[in-house]
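**Q** Data file work.tsv (TSV, C-alpha atoms) is appended below.
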```tsv
chain	number	residue	atom	x	y	z
A	181	MET	CA	125.98	97.00	48.11
A	182	ALA	CA	122.95	96.35	50.28
A	183	ILE	CA	122.92	97.95	53.73
A	184	VAL	CA	122.18	95.34	56.38
A	185	PHE	CA	122.91	97.40	59.52
A	186	GLU	CA	122.98	101.14	60.14
A	187	LYS	CA	122.40	103.78	62.80
A	188	PRO	CA	118.69	104.38	63.43
A	189	LYS	CA	117.44	107.58	61.85
A	190	ALA	CA	115.88	108.59	65.18
A	191	LEU	CA	119.39	108.91	66.71
A	192	THR	CA	121.52	111.99	66.12
A	193	ASP	CA	125.22	111.91	65.28
A	194	ALA	CA	126.15	113.23	68.72
A	195	VAL	CA	128.80	111.27	70.61
A	196	LEU	CA	127.29	109.68	73.72
A	197	HIS	CA	128.62	111.02	77.01
A	198	TYR	CA	128.11	107.79	78.95
A	199	CYS	CA	130.91	105.88	80.67
A	200	PRO	CA	132.67	103.05	78.80
A	201	GLY	CA	130.57	99.89	78.92
A	202	CYS	CA	127.38	101.71	79.94
A	203	PRO	CA	124.28	100.06	78.40
A	204	HIS	CA	122.43	103.37	78.01
A	205	GLY	CA	123.70	103.45	74.43
A	206	ILE	CA	122.11	100.07	73.72
A	207	ILE	CA	118.80	101.18	75.22
A	208	HIS	CA	118.87	104.46	73.28
A	209	ARG	CA	119.32	102.47	70.10
A	210	LEU	CA	116.38	100.19	70.92
A	211	VAL	CA	114.13	103.18	71.52
A	212	ALA	CA	115.27	104.79	68.27
A	213	GLU	CA	114.75	101.55	66.34
A	214	ALA	CA	111.18	101.32	67.63
A	215	ILE	CA	110.53	104.92	66.57
A	216	ASP	CA	111.96	104.19	63.11
A	217	GLU	CA	110.08	100.95	62.61
A	218	LEU	CA	106.77	102.52	63.63
A	219	GLY	CA	107.38	105.61	61.51
A	220	ILE	CA	106.58	108.03	64.33
A	221	GLU	CA	109.70	110.22	64.52
A	222	GLY	CA	107.90	113.34	63.29
A	223	LYS	CA	105.17	113.08	65.94
A	224	THR	CA	107.17	111.79	68.91
A	225	ILE	CA	108.04	113.88	71.96
A	226	GLY	CA	110.51	112.54	74.51
A	227	VAL	CA	110.91	113.66	78.12
A	228	ALA	CA	114.44	113.53	79.53
A	229	PRO	CA	115.08	112.93	83.26
A	230	VAL	CA	117.58	114.16	85.80
A	231	GLY	CA	120.28	111.52	86.05
A	232	CYS	CA	122.77	109.90	83.70
A	233	ALA	CA	120.34	110.37	80.79
A	234	VAL	CA	119.83	114.06	81.54
A	235	MET	CA	121.21	114.93	78.09
A	236	ALA	CA	119.05	112.44	76.21
A	237	TYR	CA	117.70	115.43	74.28
A	238	ASP	CA	121.05	115.50	72.42
A	239	TYR	CA	120.68	111.96	71.14
A	240	PHE	CA	117.17	111.62	69.70
A	241	THR	CA	116.04	113.44	66.56
A	242	CYS	CA	112.47	113.82	67.81
A	243	ASP	CA	111.34	116.77	69.92
A	244	MET	CA	112.57	116.52	73.52
A	245	ILE	CA	111.72	118.27	76.78
A	246	GLU	CA	113.77	118.30	79.99
A	247	ALA	CA	111.74	117.62	83.14
A	248	ALA	CA	112.49	118.46	86.75
A	249	HIS	CA	113.89	115.60	88.82
A	250	GLY	CA	111.29	112.81	89.00
A	251	ARG	CA	108.57	114.76	87.21
A	252	ALA	CA	108.87	113.19	83.76
A	253	PRO	CA	105.58	111.22	84.00
A	254	ALA	CA	103.72	114.37	85.08
A	255	THR	CA	105.34	116.35	82.26
A	256	ALA	CA	104.51	113.59	79.78
A	257	THR	CA	100.91	113.54	81.02
A	258	GLY	CA	100.55	117.26	80.39
A	259	ILE	CA	102.03	116.99	76.90
A	260	LYS	CA	99.86	114.03	75.95
A	261	ARG	CA	96.67	115.63	77.19
A	262	CYS	CA	97.44	118.84	75.32
A	263	ARG	CA	98.62	117.05	72.20
A	264	PRO	CA	96.84	113.66	72.15
A	265	ASP	CA	97.91	112.92	68.57
A	266	ASN	CA	101.59	112.97	69.53
A	267	ILE	CA	103.50	109.96	70.85
A	268	VAL	CA	105.04	110.80	74.22
A	269	PHE	CA	107.68	108.82	76.10
A	270	THR	CA	109.86	109.29	79.15
A	271	TYR	CA	113.34	107.87	79.62
A	272	GLN	CA	114.20	107.56	83.33
A	273	GLY	CA	116.62	105.96	85.74
A	274	ASP	CA	115.82	104.27	89.04
A	275	GLY	CA	116.66	107.30	91.17
A	276	ASP	CA	114.53	109.61	89.03
A	277	LEU	CA	111.58	107.25	88.67
A	278	ALA	CA	111.56	105.08	91.79
A	279	SER	CA	112.65	107.63	94.39
A	280	ILE	CA	111.74	111.29	93.95
A	281	GLY	CA	109.40	110.44	91.06
A	282	MET	CA	107.59	107.45	92.54
A	283	ALA	CA	104.33	109.33	93.16
A	284	GLU	CA	104.23	110.62	89.59
A	285	THR	CA	104.86	107.12	88.25
A	286	VAL	CA	102.25	105.39	90.40
A	287	HIS	CA	99.52	107.92	89.73
A	288	ALA	CA	100.19	108.09	85.98
A	289	ALA	CA	99.83	104.30	85.95
A	290	ALA	CA	96.69	104.40	88.09
A	291	ARG	CA	95.11	106.87	85.66
A	292	ASN	CA	96.25	104.72	82.72
A	293	GLU	CA	97.74	107.77	81.02
A	294	ASN	CA	98.39	106.96	77.37
A	295	ILE	CA	102.17	107.42	77.62
A	296	THR	CA	105.22	105.17	77.34
A	297	ILE	CA	107.88	104.97	80.05
A	298	ILE	CA	111.34	103.49	79.53
A	299	PHE	CA	112.73	102.80	83.00
A	300	VAL	CA	116.44	101.94	83.34
A	301	ASN	CA	117.26	100.03	86.53
A	302	ASN	CA	120.97	99.79	87.29
A	303	ALA	CA	120.51	99.55	91.07
A	304	ILE	CA	122.48	102.70	91.86
A	305	TYR	CA	122.56	106.48	91.55
A	306	GLY	CA	124.94	106.83	88.62
A	307	MET	CA	125.27	110.53	87.84
A	308	THR	CA	125.88	111.69	91.41
A	309	GLY	CA	128.60	109.22	92.33
A	310	GLY	CA	127.16	105.83	93.13
A	311	GLN	CA	124.91	106.25	96.15
A	312	MET	CA	122.38	103.61	97.19
A	313	ALA	CA	119.20	103.76	95.12
A	314	PRO	CA	115.68	102.48	95.85
A	315	THR	CA	116.57	99.50	93.66
A	316	SER	CA	119.98	98.67	95.20
A	317	LEU	CA	120.09	95.01	96.19
A	318	PRO	CA	120.24	93.73	99.78
A	319	GLY	CA	123.89	93.73	100.81
A	320	GLN	CA	124.96	95.81	97.79
A	321	VAL	CA	127.94	98.05	98.50
A	322	THR	CA	127.51	101.66	97.40
A	323	GLN	CA	128.95	105.05	98.39
A	324	THR	CA	126.25	105.44	101.04
A	325	SER	CA	126.12	101.77	102.06
A	326	PRO	CA	129.83	100.89	102.34
A	327	TYR	CA	129.03	97.77	104.38
A	328	GLY	CA	126.21	96.72	102.05
A	329	ARG	CA	122.54	97.64	102.04
A	330	ASP	CA	121.05	96.73	105.41
A	331	VAL	CA	117.35	96.02	104.85
A	332	LYS	CA	116.65	96.44	108.58
A	333	LEU	CA	117.89	100.00	108.36
A	334	CYS	CA	117.12	101.01	104.76
A	335	GLY	CA	114.23	98.74	103.83
A	336	TRP	CA	113.96	96.39	100.88
A	337	PRO	CA	114.52	97.34	97.23
A	338	ILE	CA	111.45	98.51	95.35
A	339	LYS	CA	110.28	96.17	92.60
A	340	VAL	CA	108.61	98.63	90.26
A	341	CYS	CA	107.01	96.15	87.85
A	342	GLU	CA	105.51	94.06	90.63
A	343	LEU	CA	104.23	97.21	92.33
A	344	LEU	CA	102.58	98.70	89.25
A	345	ALA	CA	101.13	95.38	88.10
A	346	THR	CA	98.89	95.30	91.19
A	347	GLN	CA	97.01	98.37	89.93
A	348	ASP	CA	93.93	98.21	87.73
A	349	GLY	CA	95.07	101.05	85.48
A	350	PRO	CA	98.17	100.09	83.50
A	351	GLU	CA	97.96	98.44	80.09
A	352	TYR	CA	101.43	96.92	79.85
A	353	ILE	CA	104.19	96.35	82.40
A	354	ALA	CA	107.30	94.36	81.42
A	355	ARG	CA	110.85	93.83	82.66
A	356	VAL	CA	113.66	93.15	80.22
A	357	ALA	CA	117.48	93.27	80.26
A	358	VAL	CA	120.31	94.14	77.88
A	359	ASN	CA	123.14	91.96	79.21
A	360	ASN	CA	123.28	89.59	76.23
A	361	VAL	CA	122.12	89.38	72.63
A	362	LYS	CA	119.03	87.31	73.40
A	363	ASN	CA	117.85	89.74	76.05
A	364	VAL	CA	118.61	92.77	73.88
A	365	LYS	CA	116.36	91.38	71.14
A	366	ALA	CA	113.57	90.72	73.64
A	367	ALA	CA	114.00	94.22	75.07
A	368	GLY	CA	113.61	95.72	71.61
A	369	LYS	CA	110.33	93.88	71.07
A	370	ALA	CA	108.97	95.01	74.45
A	371	ILE	CA	109.88	98.64	73.81
A	372	LYS	CA	108.27	98.57	70.38
A	373	LYS	CA	105.12	97.04	71.90
A	374	ALA	CA	105.00	99.80	74.51
A	375	PHE	CA	105.03	102.43	71.76
A	376	GLN	CA	102.50	100.47	69.69
A	377	ASN	CA	100.14	100.38	72.67
A	378	GLN	CA	100.21	104.17	72.81
A	379	ILE	CA	99.59	104.47	69.07
A	380	GLU	CA	96.53	102.26	69.52
A	381	GLY	CA	95.33	104.34	72.49
A	382	LYS	CA	95.55	101.47	74.97
A	383	GLY	CA	97.11	103.46	77.79
A	384	PHE	CA	100.05	103.36	80.18
A	385	SER	CA	103.00	101.15	79.24
A	386	LEU	CA	106.22	100.82	81.22
A	387	VAL	CA	109.26	98.77	80.22
A	388	GLU	CA	111.84	98.30	82.94
A	389	VAL	CA	115.30	97.60	81.54
A	390	VAL	CA	117.68	95.90	83.98
A	391	SER	CA	121.03	97.47	83.20
A	392	ALA	CA	124.60	97.79	84.48
A	393	CYS	CA	126.80	100.56	85.85
A	394	PRO	CA	130.41	99.35	85.56
A	395	THR	CA	131.93	102.61	86.80
A	396	ASN	CA	129.98	102.91	90.06
A	397	TRP	CA	129.88	99.16	90.64
A	398	GLY	CA	133.70	99.16	90.42
A	399	MET	CA	133.70	96.48	87.72
A	400	THR	CA	134.83	95.99	84.16
A	401	PRO	CA	132.02	96.11	81.59
A	402	GLN	CA	132.08	92.31	81.24
A	403	GLN	CA	132.06	91.78	85.00
A	404	ALA	CA	129.10	94.15	85.27
A	405	LEU	CA	127.11	92.22	82.65
A	406	ASN	CA	127.90	88.99	84.49
A	407	TRP	CA	126.71	90.56	87.76
A	408	VAL	CA	123.43	91.52	86.10
A	409	GLU	CA	122.92	87.84	85.27
A	410	SER	CA	124.11	86.37	88.58
A	411	ASP	CA	122.76	88.93	91.07
A	412	MET	CA	120.23	91.32	89.58
A	413	LEU	CA	118.04	89.02	87.51
A	414	PRO	CA	117.34	86.57	90.36
A	415	TYR	CA	115.99	89.53	92.35
A	416	TYR	CA	114.35	91.25	89.38
A	417	PRO	CA	112.93	88.40	87.24
A	418	LEU	CA	112.34	89.16	83.59
A	419	GLY	CA	108.90	88.85	82.08
A	420	VAL	CA	105.57	90.45	81.30
A	421	TYR	CA	103.94	91.50	84.55
A	422	LYS	CA	100.78	92.88	83.01
A	423	ASP	CA	99.41	92.87	79.48
A	424	ARG	CA	95.74	93.66	79.59
A	425	SER	CA	95.22	93.06	75.88
A	426	ALA	CA	96.60	89.54	76.21
A	427	GLY	CA	94.95	88.89	79.57
A	428	LYS	CA	98.32	88.32	81.23
A	429	GLU	CA	99.03	89.07	84.86
A	430	ALA	CA	102.43	88.64	86.53
A	431	GLU	CA	103.85	86.21	84.01
A	432	THR	CA	107.55	86.01	84.85
A	433	LYS	CA	110.36	83.72	83.81
```
How would this structure read if it were set down as C-alpha cells?
**A**
Amino acid sequence: MAIVFEKPKALTDAVLHYCPGCPHGIIHRLVAEAIDELGIEGKTIGVAPVGCAVMAYDYFTCDMIEAAHGRAPATATGIKRCRPDNIVFTYQGDGDLASIGMAETVHAAARNENITIIFVNNAIYGMTGGQMAPTSLPGQVTQTSPYGRDVKLCGWPIKVCELLATQDGPEYIARVAVNNVKNVKAAGKAIKKAFQNQIEGKGFSLVEVVSACPTNWGMTPQQALNWVESDMLPYYPLGVYKDRSAGKEAETK
C-alpha cells in the first residue's frame, strides 16, 4: 500500500506538551516538512526560545540549542558565523521576539544575517499565564489588561513584518496564518522559501505565523480560529512584505 501521508522525519516521536487546540503543533510540522523536502536535517541547527516553545528541542530531530529569553537571533547569528555551512533557524513567540528580543531581531535583520526566523504571533504571553504582549490587539482582554488594552496607556501593538520591511537589510519578510487549510498550505510554502533563501545565501528571512491561544484567550479551539480570522487578520494582514529577489515591497492582501 502506498503511503500518502506520514509524520515528517524531522519530527521526533515525543508527545507535544502544548494545550489542546494550540497551533504550535501545526507550525512544528510545517517546519519539519520544509527540512525534509530540502534534505537538510543533518546540517540544520535550531534555536529554541523561552516561552511556550521552550521545549522545541524535544520535537525536532536536528541539533537544537536553547537560548536565553529573547536572544535566539543573537545565538543563531553566532552559530551561523561559526558554522556557515549549517542551516540555522530560530522558533520564537511574540513575547520572546517582539518584547525582550526586539533589539536582537531588528539588528539581525539590519545586518541581513543569513538565518531563518519562524515567529509565532498569538497576541499574548502564553507560557506565563496570558499577560498582554507587544502584539496584543487594542481592546484585547488579558491577565494584565482586564479592561482591554488601552493604547493611550500601553501604546499600539507592534507590527513586526511592517517594521522589519522598512529596513534595507532583510531578504524576505512574510506574514502567514494557520487558521484554515488554505492558509496552512501557504504558510508551508513561505517557511520552505525562508529556508531555501538561507541555503542560497540570500540572507535574513522571517516568517510571522499568526496563531491562536485558546487557553489564554478563554475560547474553544474553533472559537479561537474564528477570532484569528475576524480580529487578528484585519490588524495583521497576510502577505509578503519584502522579497528582495522578486523585487517586492509591502505586498499585502
**Q** Which is closest to Pro264 in chain A among A:Cys242, A:Cys334, A:Ala426, A:Ile379, if we use all atoms listed in the file?
**A**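 Between A:Cys242, A:Cys334, A:Ala426, A:Ile379, the residue approaching Pro264 in chain A most closely is A:Ile379.
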**Q** Within 7 Å of Val408 in chain A, counting all atoms listed in the file, which residues qualify if same-chain residues fewer than 5 places away don't, as a list of chain:residue names?
**A**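 So, after excluding close chain neighbours, the residues are A:Asn359, A:Ala392, A:Leu413.
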**Q** A:Cys202, A:Ala214, A:Met282, A:Val321: which is nearest Pro188 in chain A, counting all atoms listed in the file?
**A** A:Ala214
**Q** Grab the CA of Asp423 in chain A to CA of Ile353 in chain A distance for me, in Å with one decimal place.
**A**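 We find that CA of Asp423 in chain A and CA of Ile353 in chain A lie 6.6 Å from each other.
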**Q** Could you work out how far CA of Asn292 in chain A lies from CA of Leu277 in chain A, giving the answer in Å with one decimal?
**A** 16.6 Å
**Q** With all atoms listed in the file as the counted atoms, please give the residues lying no more than 10 Å from range 416-420 of chain A, apart from itself and same-chain residues fewer than 6 positions off, as number ranges by chain.
**A** A: 301, 315, 317, 337-342, 345, 352-357, 363, 366, 370, 387-390, 408, 428-433
**Q** Between A:Leu191, A:Thr270, A:Ala182, A:Gly222, which has the minimum distance to Ile371 in chain A (counting all atoms listed in the file)?
**A**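 Counting all atoms listed in the file, the residue closest to Ile371 in chain A is A:Thr270.
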**Q** With all atoms listed in the file as the basis for distance, which of A:Ala252, A:Met235, A:Ala190, A:Val364 is at the shortest distance from Ile298 in chain A?
**A**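 Closest candidate: A:Ala252.
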**Q** Pick from A:Tyr239, A:Ser279, A:Ile225, A:Pro401: nearest to Ile259 in chain A, with only C-alpha atoms counted?
**A** A:Ile225
**Q** Compute the distance from (115.1, 113.6, 79.3) to each atom, counting all atoms listed in the file, keep the residues with any atom at most 12 Å away, and return them as a VMD selection string; use the coordinates of the file.
**A** chain A and resid 208 225 to 240 242 to 253 255 to 256 268 to 273 276 to 277 297 to 299
**Q** Work out how far CA of Ala303 in chain A is from CA of Pro326 in chain A, in Å to one decimal.
**A**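 Computing the Euclidean distance for CA of Pro326 in chain A and CA of Ala303 in chain A yields 14.7 Å.
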**Q** Looking at A:Ala374, A:Val195, A:Cys393, A:Ala212, which one is nearest to Gly310 in chain A, with distances taken over all atoms listed in the file?
**A**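 Closest candidate: A:Cys393.
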**Q** Skipping near chain neighbours, those fewer than 3 positions away, what residues fall within 10 Å of Lys189 in chain A using all atoms listed in the file, listed as a ChimeraX atom specification?
**A** /A:186,192-193,209,212-213,215-217,221,240-242
**Q** Show which residues sit within 12 Å of Gln323 in chain A, as a list in words. Count all atoms listed in the file, and ignore same-chain residues fewer than 2 positions away.
**A**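 Listing them by chain and then by number gives Ile304, Tyr305, Gly306, Thr308, Gly309, Gly310, Gln311, Met312, Ala313, Ser316, Gln320, Val321, Ser325, Pro326, Tyr327, Gly328, Arg329, Asn396, Trp397 and Gly398 of chain A.
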**Q** Within 8 Å of Ala288 in chain A, counting all atoms listed in the file, which residues show up once you throw out same-chain ones fewer than 6 positions away? Write them as number ranges by chain, please.
**A** A: 253-254, 257, 384
**Q** Return the padded bounding box of range 237-253 of chain A as AutoDock Vina command-line options: axis-aligned, built from all atoms listed in the file, 8 Å added on each side, with centre and edge lengths in Å to one decimal.
**A**
```
--center_x 113.3 --center_y 114.8 --center_z 77.8 --size_x 31.5 --size_y 23.2 --size_z 38.4
```
**Q** Generate N, CA and C atoms for range 266-299 of chain A and emit them as a PDB file, in the frame of the given file.
**A**
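After the write, result36.pdb holds the following:
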```
ATOM      1  N   ASN A 266     100.155 113.229  69.466  1.00  0.00           N
ATOM      2  CA  ASN A 266     101.590 112.970  69.530  1.00  0.00           C
ATOM      3  C   ASN A 266     101.881 111.703  70.332  1.00  0.00           C
ATOM      4  N   ILE A 267     103.033 111.111  70.075  1.00  0.00           N
ATOM      5  CA  ILE A 267     103.500 109.960  70.850  1.00  0.00           C
ATOM      6  C   ILE A 267     104.502 110.483  71.875  1.00  0.00           C
ATOM      7  N   VAL A 268     104.253 110.219  73.139  1.00  0.00           N
ATOM      8  CA  VAL A 268     105.040 110.800  74.220  1.00  0.00           C
ATOM      9  C   VAL A 268     105.685 109.699  75.056  1.00  0.00           C
ATOM     10  N   PHE A 269     106.995 109.812  75.255  1.00  0.00           N
ATOM     11  CA  PHE A 269     107.680 108.820  76.100  1.00  0.00           C
ATOM     12  C   PHE A 269     108.607 109.512  77.081  1.00  0.00           C
ATOM     13  N   THR A 270     108.852 108.848  78.199  1.00  0.00           N
ATOM     14  CA  THR A 270     109.860 109.290  79.150  1.00  0.00           C
ATOM     15  C   THR A 270     110.986 108.272  79.166  1.00  0.00           C
ATOM     16  N   TYR A 271     112.167 108.747  79.498  1.00  0.00           N
ATOM     17  CA  TYR A 271     113.340 107.870  79.620  1.00  0.00           C
ATOM     18  C   TYR A 271     113.955 108.186  80.969  1.00  0.00           C
ATOM     19  N   GLN A 272     113.861 107.246  81.945  1.00  0.00           N
ATOM     20  CA  GLN A 272     114.200 107.560  83.330  1.00  0.00           C
ATOM     21  C   GLN A 272     115.027 106.475  83.991  1.00  0.00           C
ATOM     22  N   GLY A 273     115.865 106.892  84.928  1.00  0.00           N
ATOM     23  CA  GLY A 273     116.620 105.960  85.740  1.00  0.00           C
ATOM     24  C   GLY A 273     115.898 105.633  87.023  1.00  0.00           C
ATOM     25  N   ASP A 274     116.495 104.733  87.821  1.00  0.00           N
ATOM     26  CA  ASP A 274     115.820 104.270  89.040  1.00  0.00           C
ATOM     27  C   ASP A 274     115.746 105.347  90.109  1.00  0.00           C
ATOM     28  N   GLY A 275     116.743 106.219  90.199  1.00  0.00           N
ATOM     29  CA  GLY A 275     116.660 107.300  91.170  1.00  0.00           C
ATOM     30  C   GLY A 275     115.582 108.297  90.795  1.00  0.00           C
ATOM     31  N   ASP A 276     115.526 108.650  89.513  1.00  0.00           N
ATOM     32  CA  ASP A 276     114.530 109.610  89.030  1.00  0.00           C
ATOM     33  C   ASP A 276     113.127 109.044  89.144  1.00  0.00           C
ATOM     34  N   LEU A 277     112.928 107.805  88.731  1.00  0.00           N
ATOM     35  CA  LEU A 277     111.580 107.250  88.670  1.00  0.00           C
ATOM     36  C   LEU A 277     111.110 106.630  89.981  1.00  0.00           C
ATOM     37  N   ALA A 278     111.991 105.884  90.642  1.00  0.00           N
ATOM     38  CA  ALA A 278     111.560 105.080  91.790  1.00  0.00           C
ATOM     39  C   ALA A 278     111.809 105.737  93.135  1.00  0.00           C
ATOM     40  N   SER A 279     112.422 106.921  93.134  1.00  0.00           N
ATOM     41  CA  SER A 279     112.650 107.630  94.390  1.00  0.00           C
ATOM     42  C   SER A 279     111.848 108.928  94.388  1.00  0.00           C
ATOM     43  N   ILE A 280     112.438 110.008  93.922  1.00  0.00           N
ATOM     44  CA  ILE A 280     111.740 111.290  93.950  1.00  0.00           C
ATOM     45  C   ILE A 280     110.515 111.285  93.038  1.00  0.00           C
ATOM     46  N   GLY A 281     110.508 110.445  91.997  1.00  0.00           N
ATOM     47  CA  GLY A 281     109.400 110.440  91.060  1.00  0.00           C
ATOM     48  C   GLY A 281     108.409 109.301  91.239  1.00  0.00           C
ATOM     49  N   MET A 282     108.473 108.604  92.363  1.00  0.00           N
ATOM     50  CA  MET A 282     107.590 107.450  92.540  1.00  0.00           C
ATOM     51  C   MET A 282     106.113 107.833  92.499  1.00  0.00           C
ATOM     52  N   ALA A 283     105.747 108.927  93.130  1.00  0.00           N
ATOM     53  CA  ALA A 283     104.330 109.330  93.160  1.00  0.00           C
ATOM     54  C   ALA A 283     103.827 109.606  91.747  1.00  0.00           C
ATOM     55  N   GLU A 284     104.640 110.323  90.957  1.00  0.00           N
ATOM     56  CA  GLU A 284     104.230 110.620  89.590  1.00  0.00           C
ATOM     57  C   GLU A 284     104.042 109.346  88.776  1.00  0.00           C
ATOM     58  N   THR A 285     104.928 108.389  88.982  1.00  0.00           N
ATOM     59  CA  THR A 285     104.860 107.120  88.250  1.00  0.00           C
ATOM     60  C   THR A 285     103.613 106.338  88.629  1.00  0.00           C
ATOM     61  N   VAL A 286     103.377 106.178  89.921  1.00  0.00           N
ATOM     62  CA  VAL A 286     102.250 105.390  90.400  1.00  0.00           C
ATOM     63  C   VAL A 286     100.921 105.994  89.952  1.00  0.00           C
ATOM     64  N   HIS A 287     100.799 107.302  90.063  1.00  0.00           N
ATOM     65  CA  HIS A 287      99.520 107.920  89.730  1.00  0.00           C
ATOM     66  C   HIS A 287      99.280 107.995  88.227  1.00  0.00           C
ATOM     67  N   ALA A 288     100.352 108.153  87.437  1.00  0.00           N
ATOM     68  CA  ALA A 288     100.190 108.090  85.980  1.00  0.00           C
ATOM     69  C   ALA A 288      99.713 106.704  85.570  1.00  0.00           C
ATOM     70  N   ALA A 289     100.254 105.679  86.231  1.00  0.00           N
ATOM     71  CA  ALA A 289      99.830 104.300  85.950  1.00  0.00           C
ATOM     72  C   ALA A 289      98.390 104.080  86.399  1.00  0.00           C
ATOM     73  N   ALA A 290      98.047 104.590  87.569  1.00  0.00           N
ATOM     74  CA  ALA A 290      96.690 104.400  88.090  1.00  0.00           C
ATOM     75  C   ALA A 290      95.648 105.052  87.187  1.00  0.00           C
ATOM     76  N   ARG A 291      96.023 106.181  86.571  1.00  0.00           N
ATOM     77  CA  ARG A 291      95.110 106.870  85.660  1.00  0.00           C
ATOM     78  C   ARG A 291      95.143 106.276  84.252  1.00  0.00           C
ATOM     79  N   ASN A 292      96.054 105.329  84.042  1.00  0.00           N
ATOM     80  CA  ASN A 292      96.250 104.720  82.720  1.00  0.00           C
ATOM     81  C   ASN A 292      96.489 105.789  81.658  1.00  0.00           C
ATOM     82  N   GLU A 293      97.376 106.746  81.999  1.00  0.00           N
ATOM     83  CA  GLU A 293      97.740 107.770  81.020  1.00  0.00           C
ATOM     84  C   GLU A 293      98.317 107.099  79.778  1.00  0.00           C
ATOM     85  N   ASN A 294      97.946 107.583  78.625  1.00  0.00           N
ATOM     86  CA  ASN A 294      98.390 106.960  77.370  1.00  0.00           C
ATOM     87  C   ASN A 294      99.784 107.462  76.993  1.00  0.00           C
ATOM     88  N   ILE A 295     100.770 107.060  77.824  1.00  0.00           N
ATOM     89  CA  ILE A 295     102.170 107.420  77.620  1.00  0.00           C
ATOM     90  C   ILE A 295     103.022 106.167  77.706  1.00  0.00           C
ATOM     91  N   THR A 296     104.267 106.286  77.296  1.00  0.00           N
ATOM     92  CA  THR A 296     105.220 105.170  77.340  1.00  0.00           C
ATOM     93  C   THR A 296     106.395 105.563  78.215  1.00  0.00           C
ATOM     94  N   ILE A 297     106.746 104.699  79.161  1.00  0.00           N
ATOM     95  CA  ILE A 297     107.880 104.970  80.050  1.00  0.00           C
ATOM     96  C   ILE A 297     108.949 103.908  79.843  1.00  0.00           C
ATOM     97  N   ILE A 298     110.174 104.367  79.585  1.00  0.00           N
ATOM     98  CA  ILE A 298     111.340 103.490  79.530  1.00  0.00           C
ATOM     99  C   ILE A 298     112.114 103.720  80.829  1.00  0.00           C
ATOM    100  N   PHE A 299     112.176 102.695  81.649  1.00  0.00           N
ATOM    101  CA  PHE A 299     112.730 102.800  83.000  1.00  0.00           C
ATOM    102  C   PHE A 299     114.010 101.968  83.083  1.00  0.00           C
TER     103      PHE A 299
END
```
